[in-house]
>>> print(open('query27.txt').read())   # compact mmCIF, C-alpha atoms
# COMPACT_ATOMS: atom_id res chain seq x y z
CA MET W 58 25.08 -5.23 -26.62
CA ARG W 59 23.54 -6.28 -23.32
CA LEU W 60 20.29 -5.82 -21.44
CA TYR W 61 20.42 -4.67 -17.81
CA TYR W 62 17.66 -4.71 -15.21
CA PHE W 63 17.28 -1.72 -12.92
CA TYR W 64 14.61 -0.72 -10.42
CA PHE W 65 12.95 2.57 -9.68
CA LYS W 66 10.19 2.94 -7.10
CA GLY W 67 9.46 -0.77 -7.18
CA LYS W 68 9.25 -1.03 -10.98
CA SER W 69 11.66 -2.99 -13.14
CA PHE W 70 13.04 -1.61 -16.39
CA LEU W 71 15.37 -2.78 -19.13
CA PHE W 72 18.13 -0.61 -20.55
CA LEU W 73 20.40 -1.36 -23.49
CA GLY W 74 23.97 -2.04 -22.46
CA LEU W 75 25.05 1.01 -24.44
CA VAL W 76 23.18 3.21 -21.99
CA LEU W 77 24.99 1.70 -19.00
CA TRP W 78 28.32 1.91 -20.82
CA CYS W 79 27.80 5.59 -21.54
CA PHE W 80 26.66 6.27 -17.98
CA SER W 81 29.73 4.63 -16.50
CA THR W 82 32.28 6.11 -18.91
CA CYS W 83 30.90 9.41 -20.17
CA GLN W 84 30.13 10.75 -16.71
CA ASP W 85 32.61 11.68 -13.98
CA PRO W 86 33.83 8.22 -12.88
CA GLN W 87 34.06 9.36 -9.24
CA ARG W 88 30.58 10.88 -9.18
CA PRO W 89 28.42 9.18 -6.50
CA LEU W 90 26.12 6.52 -7.90
CA ALA W 91 22.77 5.83 -6.23
CA ILE W 92 22.00 2.31 -5.04
CA VAL W 93 18.50 1.90 -6.43
CA HIS W 94 16.17 -0.19 -4.28
CA PRO W 95 12.47 -0.47 -3.44
CA ASP W 96 10.89 2.10 -1.15
CA TYR W 97 10.21 -0.64 1.40
CA PHE W 98 13.93 -1.34 1.88
CA VAL W 99 15.85 0.73 4.40
CA PRO W 100 18.64 2.78 2.77
CA PRO W 101 22.00 1.00 2.56
CA LEU W 102 24.83 2.03 4.84
CA ILE W 103 27.38 3.88 2.72
CA PRO W 104 30.46 5.23 4.52
CA ALA W 105 31.31 8.87 3.90
CA ASP W 106 34.83 7.88 2.86
CA ASN W 107 33.64 5.31 0.30
CA PRO W 108 30.79 6.68 -1.82
CA THR W 109 29.53 4.31 -4.48
CA THR W 110 30.76 5.38 -7.94
CA ALA W 111 30.57 3.87 -11.41
CA ALA W 112 34.35 3.47 -11.53
CA GLY W 113 34.51 2.00 -8.03
CA VAL W 114 31.80 -0.54 -8.81
CA ALA W 115 33.52 -1.51 -12.07
CA LEU W 116 36.82 -2.02 -10.25
CA GLY W 117 35.15 -3.97 -7.45
CA ARG W 118 33.37 -6.19 -9.94
CA GLN W 119 36.64 -6.98 -11.73
CA LEU W 120 38.38 -7.77 -8.45
CA PHE W 121 35.46 -9.89 -7.18
CA PHE W 122 35.75 -12.31 -10.10
CA ASP W 123 39.55 -12.25 -10.42
CA PRO W 124 41.59 -15.03 -8.76
CA ILE W 125 44.53 -12.63 -8.70
CA LEU W 126 43.60 -11.94 -5.06
CA SER W 127 44.49 -15.48 -3.98
CA ALA W 128 47.88 -16.95 -3.21
CA ASN W 129 47.81 -19.43 -6.10
CA HIS W 130 45.66 -17.48 -8.59
CA ASN W 131 42.95 -20.16 -8.28
CA ILE W 132 40.39 -18.69 -5.85
CA SER W 133 38.27 -15.57 -6.36
CA CYS W 134 35.48 -14.10 -4.26
CA ALA W 135 33.09 -15.61 -6.82
CA SER W 136 34.46 -19.11 -6.16
CA CYS W 137 32.38 -19.15 -2.97
CA HIS W 138 29.79 -16.55 -4.01
CA GLN W 139 28.48 -17.57 -7.43
CA PRO W 140 25.81 -15.33 -9.01
CA GLY W 141 23.72 -18.22 -10.36
CA MET W 142 23.48 -19.70 -6.87
CA ALA W 143 22.37 -16.44 -5.25
CA PHE W 144 26.02 -15.71 -4.44
CA THR W 145 26.57 -18.92 -2.48
CA ASP W 146 28.47 -22.05 -3.59
CA GLY W 147 26.22 -25.03 -2.85
CA ARG W 148 28.60 -26.49 -0.28
CA ALA W 149 28.18 -27.16 3.41
CA ARG W 150 31.61 -25.60 3.90
CA SER W 151 33.45 -23.68 1.22
CA ILE W 152 36.62 -24.98 -0.41
CA GLY W 153 39.52 -22.53 -0.39
CA PHE W 154 43.25 -22.44 -1.06
CA ALA W 155 44.81 -25.84 -1.86
CA GLY W 156 41.49 -27.60 -1.24
CA ARG W 157 41.28 -26.51 2.38
CA VAL W 158 37.79 -26.74 3.86
CA GLY W 159 36.33 -23.67 5.53
CA LYS W 160 34.71 -23.55 8.94
CA ARG W 161 31.22 -22.50 7.84
CA SER W 162 28.87 -22.25 4.89
CA ALA W 163 29.18 -19.29 2.52
CA PRO W 164 26.17 -16.98 2.98
CA SER W 165 24.40 -15.19 0.14
CA LEU W 166 25.64 -11.70 -0.72
CA LEU W 167 22.42 -10.49 -2.30
CA ASN W 168 21.18 -7.42 -0.35
CA VAL W 169 24.28 -7.53 1.85
CA GLY W 170 24.57 -3.76 1.52
CA PHE W 171 21.51 -3.41 3.74
CA TYR W 172 22.93 -5.43 6.63
CA GLN W 173 23.43 -3.03 9.52
CA LYS W 174 24.39 -5.31 12.40
CA GLY W 175 27.62 -6.95 11.35
CA LEU W 176 28.76 -9.43 8.72
CA PHE W 177 29.83 -13.08 8.68
CA TRP W 178 27.85 -15.69 10.61
CA ASP W 179 29.40 -14.40 13.84
CA GLY W 180 29.20 -10.67 13.06
CA ARG W 181 32.93 -10.13 13.38
CA SER W 182 33.02 -7.35 10.76
CA PRO W 183 31.06 -4.11 11.19
CA SER W 184 31.17 -3.09 7.51
CA LEU W 185 31.61 -4.45 4.01
CA GLU W 186 34.92 -2.63 3.78
CA GLU W 187 36.27 -4.37 6.86
CA GLN W 188 34.75 -7.69 5.85
CA ALA W 189 36.47 -7.65 2.47
CA LEU W 190 39.88 -7.70 4.14
CA HIS W 191 39.38 -11.09 5.81
CA PRO W 192 39.11 -13.70 3.01
CA VAL W 193 42.25 -12.56 1.19
CA THR W 194 44.57 -13.48 4.08
CA ASP W 195 42.52 -16.28 5.67
CA PRO W 196 44.57 -19.49 5.26
CA LEU W 197 41.36 -21.46 4.62
CA GLU W 198 40.19 -19.08 1.89
CA MET W 199 42.58 -17.15 -0.37
CA ALA W 200 45.67 -17.54 1.86
CA ALA W 201 47.43 -14.54 0.31
CA ASP W 202 49.67 -11.77 1.63
CA TRP W 203 48.61 -8.19 1.04
CA SER W 204 52.08 -7.04 0.02
CA ILE W 205 52.14 -9.68 -2.73
CA ILE W 206 48.64 -8.84 -3.92
CA VAL W 207 49.41 -5.13 -4.09
CA ALA W 208 52.61 -5.83 -6.03
CA ARG W 209 50.68 -7.93 -8.56
CA LEU W 210 48.07 -5.25 -9.11
CA ARG W 211 50.67 -2.50 -9.41
CA VAL W 212 52.22 -4.08 -12.54
CA HIS W 213 48.97 -5.41 -14.04
CA PRO W 214 47.97 -3.96 -17.44
CA TYR W 215 44.41 -3.12 -16.29
CA TYR W 216 44.38 -2.33 -12.60
CA PRO W 217 46.49 0.86 -12.25
CA GLN W 218 44.19 2.71 -14.65
CA ALA W 219 41.14 1.27 -12.90
CA PHE W 220 42.38 2.49 -9.52
CA GLN W 221 43.09 5.88 -11.10
CA ARG W 222 39.49 6.14 -12.31
CA ALA W 223 38.04 4.95 -9.01
CA PHE W 224 40.25 6.74 -6.49
CA GLY W 225 42.16 9.45 -8.32
CA THR W 226 45.61 7.84 -8.28
CA PRO W 227 46.80 4.53 -9.76
CA GLU W 228 48.28 3.10 -6.57
CA PRO W 229 46.50 -0.01 -5.18
CA ASP W 230 46.46 -0.88 -1.49
CA SER W 231 44.46 -3.21 0.73
CA MET W 232 41.95 -0.56 1.80
CA ARG W 233 41.27 0.55 -1.76
CA ILE W 234 40.76 -3.06 -2.78
CA ALA W 235 38.33 -3.54 0.11
CA LYS W 236 36.51 -0.31 -0.72
CA ALA W 237 36.05 -1.31 -4.36
CA LEU W 238 34.79 -4.78 -3.41
CA ALA W 239 32.36 -3.18 -0.95
CA GLN W 240 31.06 -0.80 -3.62
CA PHE W 241 30.32 -3.66 -6.00
CA GLN W 242 28.64 -5.75 -3.31
CA ARG W 243 26.34 -2.86 -2.39
CA THR W 244 24.89 -2.97 -5.90
CA LEU W 245 23.76 -6.60 -5.47
CA VAL W 246 20.11 -5.81 -4.83
CA SER W 247 17.50 -8.57 -5.00
CA SER W 248 13.94 -7.26 -5.00
CA ASP W 249 12.05 -8.80 -7.91
CA ALA W 250 10.87 -12.14 -6.53
CA LYS W 251 7.24 -13.13 -6.95
CA TYR W 252 6.76 -11.92 -3.38
CA ASP W 253 7.83 -8.44 -4.47
CA ARG W 254 5.63 -8.52 -7.55
CA VAL W 255 2.68 -9.42 -5.35
CA LEU W 256 3.49 -6.43 -3.13
CA ARG W 257 3.55 -4.23 -6.23
CA GLY W 258 0.21 -5.58 -7.46
CA GLU W 259 1.82 -7.22 -10.50
CA ALA W 260 1.15 -10.84 -9.51
CA ALA W 261 -0.97 -12.92 -7.16
CA PHE W 262 -0.16 -15.86 -4.91
CA THR W 263 -1.67 -19.23 -5.69
CA PRO W 264 -3.99 -20.54 -2.97
CA GLN W 265 -1.17 -22.77 -1.69
CA GLU W 266 1.34 -19.90 -1.64
CA GLN W 267 -1.17 -17.67 0.13
CA ARG W 268 -1.78 -20.29 2.78
CA GLY W 269 2.00 -20.67 3.19
CA TYR W 270 2.25 -16.88 3.53
CA ASN W 271 -0.36 -16.98 6.30
CA ILE W 272 1.57 -19.71 8.13
CA PHE W 273 4.87 -17.85 7.75
CA PHE W 274 3.53 -14.50 8.97
CA ASP W 275 1.01 -15.89 11.51
CA ALA W 276 -1.49 -13.92 9.44
CA ASP W 277 -4.60 -16.09 9.87
CA PRO W 278 -4.34 -17.83 13.28
CA GLU W 279 -7.99 -18.90 13.25
CA ASN W 280 -7.52 -20.98 10.11
CA THR W 281 -3.79 -21.77 9.84
CA PRO W 282 -1.09 -22.70 12.38
CA MET W 283 1.42 -20.11 13.49
CA ALA W 284 4.96 -21.04 12.46
CA GLU W 285 6.67 -18.00 14.07
CA CYS W 286 8.97 -17.63 11.03
CA ASN W 287 8.64 -13.87 10.61
CA HIS W 288 9.81 -13.13 14.15
CA CYS W 289 13.38 -13.78 13.01
CA HIS W 290 13.00 -13.70 9.22
CA SER W 291 11.41 -10.27 9.07
CA ASP W 292 10.40 -8.75 5.76
CA PRO W 293 11.48 -7.12 3.52
CA LEU W 294 15.00 -8.59 3.87
CA PHE W 295 13.61 -11.74 5.52
CA THR W 296 16.14 -11.46 8.33
CA ASN W 297 16.07 -9.37 11.49
CA LEU W 298 19.89 -9.24 11.29
CA ALA W 299 20.10 -10.53 14.88
CA TYR W 300 22.16 -13.40 16.31
CA GLU W 301 20.06 -16.29 17.57
CA ASN W 302 20.32 -19.85 18.79
CA ASN W 303 17.82 -21.86 16.77
CA GLY W 304 18.17 -25.19 18.54
CA LEU W 305 20.68 -26.87 16.26
CA GLU W 306 23.09 -28.25 18.88
CA TYR W 307 22.28 -29.81 22.21
CA ALA W 308 24.22 -27.97 24.90
CA PRO W 309 23.32 -28.40 28.60
CA GLU W 310 25.62 -25.47 29.42
CA LEU W 311 26.47 -22.33 27.48
CA THR W 312 30.12 -23.38 27.39
CA GLU W 313 29.45 -26.67 25.59
CA PHE W 314 28.84 -25.58 21.99
CA SER W 315 31.24 -26.99 19.40
CA ASP W 316 31.14 -23.61 17.62
CA LEU W 317 30.73 -20.59 19.91
CA GLY W 318 29.56 -18.39 17.04
CA ARG W 319 28.80 -14.82 18.04
CA GLY W 320 29.92 -15.47 21.61
CA LYS W 321 33.53 -16.00 20.55
CA ILE W 322 33.53 -12.50 19.02
CA SER W 323 31.55 -10.62 21.65
CA GLY W 324 32.90 -12.43 24.70
CA GLN W 325 29.34 -12.63 26.03
CA LEU W 326 28.52 -16.04 27.47
CA ALA W 327 24.84 -15.65 26.57
CA GLU W 328 25.79 -15.30 22.90
CA ASN W 329 27.65 -18.60 22.72
CA GLY W 330 26.14 -20.81 20.04
CA THR W 331 24.28 -17.94 18.37
CA PHE W 332 24.63 -17.07 14.69
CA LYS W 333 23.40 -14.38 12.35
CA VAL W 334 19.86 -14.99 11.12
CA PRO W 335 20.29 -15.54 7.36
CA THR W 336 18.04 -14.05 4.74
CA LEU W 337 15.37 -16.28 3.26
CA ARG W 338 15.37 -14.42 -0.02
CA ASN W 339 16.37 -16.90 -2.75
CA ILE W 340 16.40 -19.61 -0.07
CA ALA W 341 15.35 -22.29 -2.58
CA LEU W 342 18.72 -21.81 -4.30
CA THR W 343 21.09 -21.69 -1.34
CA ALA W 344 21.17 -25.24 0.02
CA PRO W 345 22.67 -26.69 2.11
CA TYR W 346 21.31 -24.75 5.05
CA MET W 347 22.46 -23.38 8.42
CA HIS W 348 25.91 -22.07 9.29
CA ASP W 349 27.37 -25.56 9.01
CA GLY W 350 25.32 -26.76 6.03
CA ARG W 351 23.80 -29.63 7.98
CA PHE W 352 20.43 -29.63 6.18
CA THR W 353 20.33 -30.46 2.49
CA SER W 354 16.73 -29.49 1.73
CA LEU W 355 13.99 -27.10 2.80
CA ASP W 356 11.99 -30.13 3.93
CA GLU W 357 14.72 -30.91 6.48
CA VAL W 358 14.79 -27.28 7.64
CA VAL W 359 11.03 -27.14 8.15
CA ASP W 360 11.10 -30.51 9.96
CA HIS W 361 13.77 -29.16 12.31
CA TYR W 362 11.64 -26.18 13.30
CA ASN W 363 8.47 -28.22 13.41
CA GLN W 364 10.11 -30.50 15.98
CA GLY W 365 11.29 -27.53 18.04
CA GLY W 366 15.03 -28.09 17.76
CA VAL W 367 17.15 -29.38 20.64
CA TYR W 368 17.85 -27.91 24.04
CA ALA W 369 20.28 -25.11 24.78
CA PRO W 370 19.90 -22.58 27.61
CA ASN W 371 19.74 -19.69 25.11
CA ARG W 372 17.61 -21.32 22.43
CA ASP W 373 15.22 -18.72 21.05
CA PRO W 374 11.79 -19.10 22.67
CA GLN W 375 10.13 -18.99 19.25
CA VAL W 376 11.84 -22.28 18.40
CA ARG W 377 9.28 -24.76 19.74
CA PRO W 378 7.22 -27.67 18.41
CA LEU W 379 4.85 -26.19 15.84
CA GLY W 380 2.45 -29.02 15.11
CA LEU W 381 2.50 -28.53 11.33
CA ASN W 382 1.05 -31.36 9.28
CA GLU W 383 2.32 -32.44 5.86
CA GLN W 384 0.03 -30.02 4.03
CA ASP W 385 1.07 -27.15 6.26
CA LYS W 386 4.74 -27.86 5.57
CA ALA W 387 4.18 -28.11 1.82
CA ASP W 388 2.29 -24.82 1.79
CA LEU W 389 5.00 -23.09 3.80
CA ILE W 390 7.68 -24.28 1.40
CA ALA W 391 5.56 -23.15 -1.56
CA PHE W 392 5.61 -19.65 -0.10
CA LEU W 393 9.38 -19.79 0.41
CA TYR W 394 9.76 -20.45 -3.32
CA THR W 395 8.08 -17.10 -4.01
CA LEU W 396 11.18 -15.45 -2.53
CA THR W 397 13.29 -16.53 -5.54
CA ASP W 398 14.43 -13.61 -7.70
CA SER W 399 15.61 -14.87 -11.10
CA THR W 400 16.16 -11.30 -12.27
CA ALA W 401 18.99 -10.89 -9.77
CA LEU W 402 20.44 -14.30 -10.60
CA PHE W 403 20.81 -13.49 -14.28
CA ASN W 404 21.47 -9.76 -14.14
CA PRO W 405 24.62 -9.36 -16.28
CA ALA W 406 25.68 -6.39 -14.16
CA TYR W 407 26.19 -8.87 -11.31
CA ALA W 408 28.11 -11.39 -13.44
CA GLY W 409 31.80 -11.59 -14.15
CA PRO W 410 33.13 -9.09 -16.69
CA ASN W 411 34.06 -10.41 -20.10
>>> encode(input="query27.txt", output="structure tokens")
Amino acid sequence: MRLYYFYFKGKSFLFLGLVLWCFSTCQDPQRPLAIVHPDYFVPPLIPADNPTTAAGVALGRQLFFDPILSANHNISCASCHQPGMAFTDGRARSIGFAGRVGKRSAPSLLNVGFYQKGLFWDGRSPSLEEQALHPVTDPLEMAADWSIIVARLRVHPYYPQAFQRAFGTPEPDSMRIAKALAQFQRTLVSSDAKYDRVLRGEAAFTPQEQRGYNIFFDADPENTPMAECNHCHSDPLFTNLAYENNGLEYAPELTEFSDLGRGKISGQLAENGTFKVPTLRNIALTAPYMHDGRFTSLDEVVDHYNQGGVYAPNRDPQVRPLGLNEQDKADLIAFLYTLTDSTALFNPAYAGPN
């Protein structure tokens, strides 16, 4: 029997695994299932043609952790998005099929259901459903063919019945696979960090964490420096979901970036070298940092911003020399640690099925 954490109106509760089992099996498996989140989160985007259901989430969870979706049965979604690492993999660039190295770092999937302005570092996918189609056929990731994957699932002892419960018929296809994966990923809510408990009145910051909070949010400009962090890393998700150039690569002209980022997708010259602002929730667990994993520690990240980055014509104006001293930087990092949510990391509902 297992214990599961759930949230209702900002409060955390524990339920015996038997309760969850009964909820997911005794009820109509295709009955819509609410994504429970704090009141201060915006509602997740749930397509009308893919409501979240207990059976859909169960199928998506099984698929997420199953290497059956890869060409050689060795790579699963969880290979690059590991629950204990806040659904990242600890690499600068992920390792995919046959040891091939990916182009960018794997971002966290916690709270991904609330992202409303595109997915991937370059925003190429407008929805979780569309996003889920990419890794399976990407030669640097799972390198599979959909016809082969569908054929495998069709004769599998578990999956036809799981598709029947989730979608009404046992036949798998690429869109149903993507829909199930999207349903599971929408349940990956992270909202029980110390920061959240402080908001709920259940905890208090230490003096150092409070000072770091003030630096992060520019909350006490008369007594602490303004680090401009919250302009891009806006609460409660700690990302504004925008695409920005944060001064990582020197580029005298907008055409001179080694990775065009969002600009390659949008075709807009001004968006060359811009990337999706990542969440800072669980940031202490998701090193290395940036889209290319160039920084190995939070100290390196803070030093980068403190120095103001390097020149590019479209570098965000908030990226400028900050003048933080060593104490300021230590306090800021202490606050960033309060964004770690161990409840989400060890929630068995987010882990691989037995």
>>> axis_aligned_box(input="query27.txt", around="range 218-228 of chain W", padding_each_side="4 Å", output="JSON")
{"center_x": 43.2, "center_y": 5.4, "center_z": -10.6, "size_x": 18.2, "size_y": 16.2, "size_z": 16.2}
>>> atom_distance(input="query27.txt", atom1="CA of Gln265 in chain W", atom2="CA of Tyr394 in chain W")
11.3 Å
>>> residues_near_point(input="query27.txt", point="(49.0, 3.2, -9.9)", cutoff="10 Å", atoms="all atoms listed in the file", output="list of chain:residue names")
W:Leu210, W:Arg211, W:Val212, W:His213, W:Tyr216, W:Pro217, W:Gln218, W:Ala219, W:Phe220, W:Gln221, W:Gly225, W:Thr226, W:Pro227, W:Glu228, W:Pro229, W:Asp230
>>> write_last_selection(input="query27.txt", atoms="C-alpha atoms", output="PDB file, in the frame of the given file")
ATOM      1  CA  LEU W 210      48.070  -5.250  -9.110  1.00  0.00           C
ATOM      2  CA  ARG W 211      50.670  -2.500  -9.410  1.00  0.00           C
ATOM      3  CA  VAL W 212      52.220  -4.080 -12.540  1.00  0.00           C
ATOM      4  CA  HIS W 213      48.970  -5.410 -14.040  1.00  0.00           C
ATOM      5  CA  TYR W 216      44.380  -2.330 -12.600  1.00  0.00           C
ATOM      6  CA  PRO W 217      46.490   0.860 -12.250  1.00  0.00           C
ATOM      7  CA  GLN W 218      44.190   2.710 -14.650  1.00  0.00           C
ATOM      8  CA  ALA W 219      41.140   1.270 -12.900  1.00  0.00           C
ATOM      9  CA  PHE W 220      42.380   2.490  -9.520  1.00  0.00           C
ATOM     10  CA  GLN W 221      43.090   5.880 -11.100  1.00  0.00           C
ATOM     11  CA  GLY W 225      42.160   9.450  -8.320  1.00  0.00           C
ATOM     12  CA  THR W 226      45.610   7.840  -8.280  1.00  0.00           C
ATOM     13  CA  PRO W 227      46.800   4.530  -9.760  1.00  0.00           C
ATOM     14  CA  GLU W 228      48.280   3.100  -6.570  1.00  0.00           C
ATOM     15  CA  PRO W 229      46.500  -0.010  -5.180  1.00  0.00           C
ATOM     16  CA  ASP W 230      46.460  -0.880  -1.490  1.00  0.00           C
TER      17      ASP W 230
END
>>> atom_distance(input="query27.txt", atom1="CA of Ser354 in chain W", atom2="CA of Ala341 in chain W")
8.5 Å
>>> atom_distance(input="query27.txt", atom1="CA of Arg88 in chain W", atom2="CA of Ser165 in chain W")
28.4 Å
>>> residues_around(input="query27.txt", residues="Gly117 in chain W", least_positions_apart="3", cutoff="9 Å", atoms="all atoms listed in the file", output="number ranges by chain")
W: 112-114, 120-122, 234-242
>>> residues_around(input="query27.txt", residues="Gln384 in chain W", least_positions_apart="2", cutoff="12 Å", atoms="all atoms listed in the file", output="PyMOL selection string")
chain W and resi 265-266+268-269+272+281-282+356+380-382+386-391
>>> write_last_selection(input="query27.txt", atoms="C-alpha atoms", output="mmCIF file, in the frame of the given file")
data_model
loop_
_atom_site.group_PDB
_atom_site.id
_atom_site.type_symbol
_atom_site.label_atom_id
_atom_site.label_comp_id
_atom_site.auth_asym_id
_atom_site.auth_seq_id
_atom_site.Cartn_x
_atom_site.Cartn_y
_atom_site.Cartn_z
ATOM 1 C CA GLN W 265 -1.170 -22.770 -1.690
ATOM 2 C CA GLU W 266 1.340 -19.900 -1.640
ATOM 3 C CA ARG W 268 -1.780 -20.290 2.780
ATOM 4 C CA GLY W 269 2.000 -20.670 3.190
ATOM 5 C CA ILE W 272 1.570 -19.710 8.130
ATOM 6 C CA THR W 281 -3.790 -21.770 9.840
ATOM 7 C CA PRO W 282 -1.090 -22.700 12.380
ATOM 8 C CA ASP W 356 11.990 -30.130 3.930
ATOM 9 C CA GLY W 380 2.450 -29.020 15.110
ATOM 10 C CA LEU W 381 2.500 -28.530 11.330
ATOM 11 C CA ASN W 382 1.050 -31.360 9.280
ATOM 12 C CA LYS W 386 4.740 -27.860 5.570
ATOM 13 C CA ALA W 387 4.180 -28.110 1.820
ATOM 14 C CA ASP W 388 2.290 -24.820 1.790
ATOM 15 C CA LEU W 389 5.000 -23.090 3.800
ATOM 16 C CA ILE W 390 7.680 -24.280 1.400
ATOM 17 C CA ALA W 391 5.560 -23.150 -1.560
#
>>> residues_around(input="query27.txt", residues="range 255-258 of chain W", least_positions_apart="3", cutoff="12 Å", atoms="all atoms listed in the file", output="count of residues only")
23
>>> residues_near_point(input="query27.txt", point="(48.4, -4.3, 2.8)", cutoff="10 Å", atoms="only C-alpha atoms", output="PyMOL selection string")
chain W and resi 190+202-208+229-234
>>> residues_around(input="query27.txt", residues="Ile92 in chain W", least_positions_apart="4", cutoff="10 Å", atoms="all atoms listed in the file", output="JSON, numbers by chain")
{"W": [64, 100, 101, 103, 109, 110, 170, 240, 243, 244, 245, 246]}
>>> residues_around(input="query27.txt", residues="range 322-328 of chain W", least_positions_apart="4", cutoff="9 Å", atoms="all atoms listed in the file", output="number ranges by chain")
W: 179-181, 300-302, 311-312, 317-318, 332, 370-371
>>> write_last_selection(input="query27.txt", atoms="C-alpha atoms", output="PDB file, keeping the file's coordinate frame")
ATOM      1  CA  ASP W 179      29.400 -14.400  13.840  1.00  0.00           C
ATOM      2  CA  GLY W 180      29.200 -10.670  13.060  1.00  0.00           C
ATOM      3  CA  ARG W 181      32.930 -10.130  13.380  1.00  0.00           C
ATOM      4  CA  TYR W 300      22.160 -13.400  16.310  1.00  0.00           C
ATOM      5  CA  GLU W 301      20.060 -16.290  17.570  1.00  0.00           C
ATOM      6  CA  ASN W 302      20.320 -19.850  18.790  1.00  0.00           C
ATOM      7  CA  LEU W 311      26.470 -22.330  27.480  1.00  0.00           C
ATOM      8  CA  THR W 312      30.120 -23.380  27.390  1.00  0.00           C
ATOM      9  CA  LEU W 317      30.730 -20.590  19.910  1.00  0.00           C
ATOM     10  CA  GLY W 318      29.560 -18.390  17.040  1.00  0.00           C
ATOM     11  CA  PHE W 332      24.630 -17.070  14.690  1.00  0.00           C
ATOM     12  CA  PRO W 370      19.900 -22.580  27.610  1.00  0.00           C
ATOM     13  CA  ASN W 371      19.740 -19.690  25.110  1.00  0.00           C
TER      14      ASN W 371
END
>>> closest_residue(input="query27.txt", among="W:Arg150, W:His191, W:Gly350, W:Met199", to="Leu126 in chain W", atoms="only C-alpha atoms")
W:Met199
>>> closest_residue(input="query27.txt", among="W:Gly409, W:Pro345, W:Gly141, W:Gly366", to="Pro164 in chain W", atoms="all atoms listed in the file")
W:Pro345
>>> closest_atom_pairs(input="query27.txt", of="range 269-307 of chain W", to="range 333-336 of chain W", cutoff="7 Å", atoms="all atoms listed in the file", output="CSV")
residue,atom,partner,partner_atom,distance
W:Cys289,CA,W:Val334,CA,6.9
W:His290,CA,W:Thr336,CA,6.8
W:Leu294,CA,W:Thr336,CA,6.3
W:Phe295,CA,W:Thr336,CA,5.1
W:Thr296,CA,W:Thr336,CA,4.8
W:Asn297,CA,W:Val334,CA,6.8
W:Leu298,CA,W:Val334,CA,5.8
W:Ala299,CA,W:Lys333,CA,5.7
W:Tyr300,CA,W:Lys333,CA,4.3
W:Glu301,CA,W:Lys333,CA,6.5
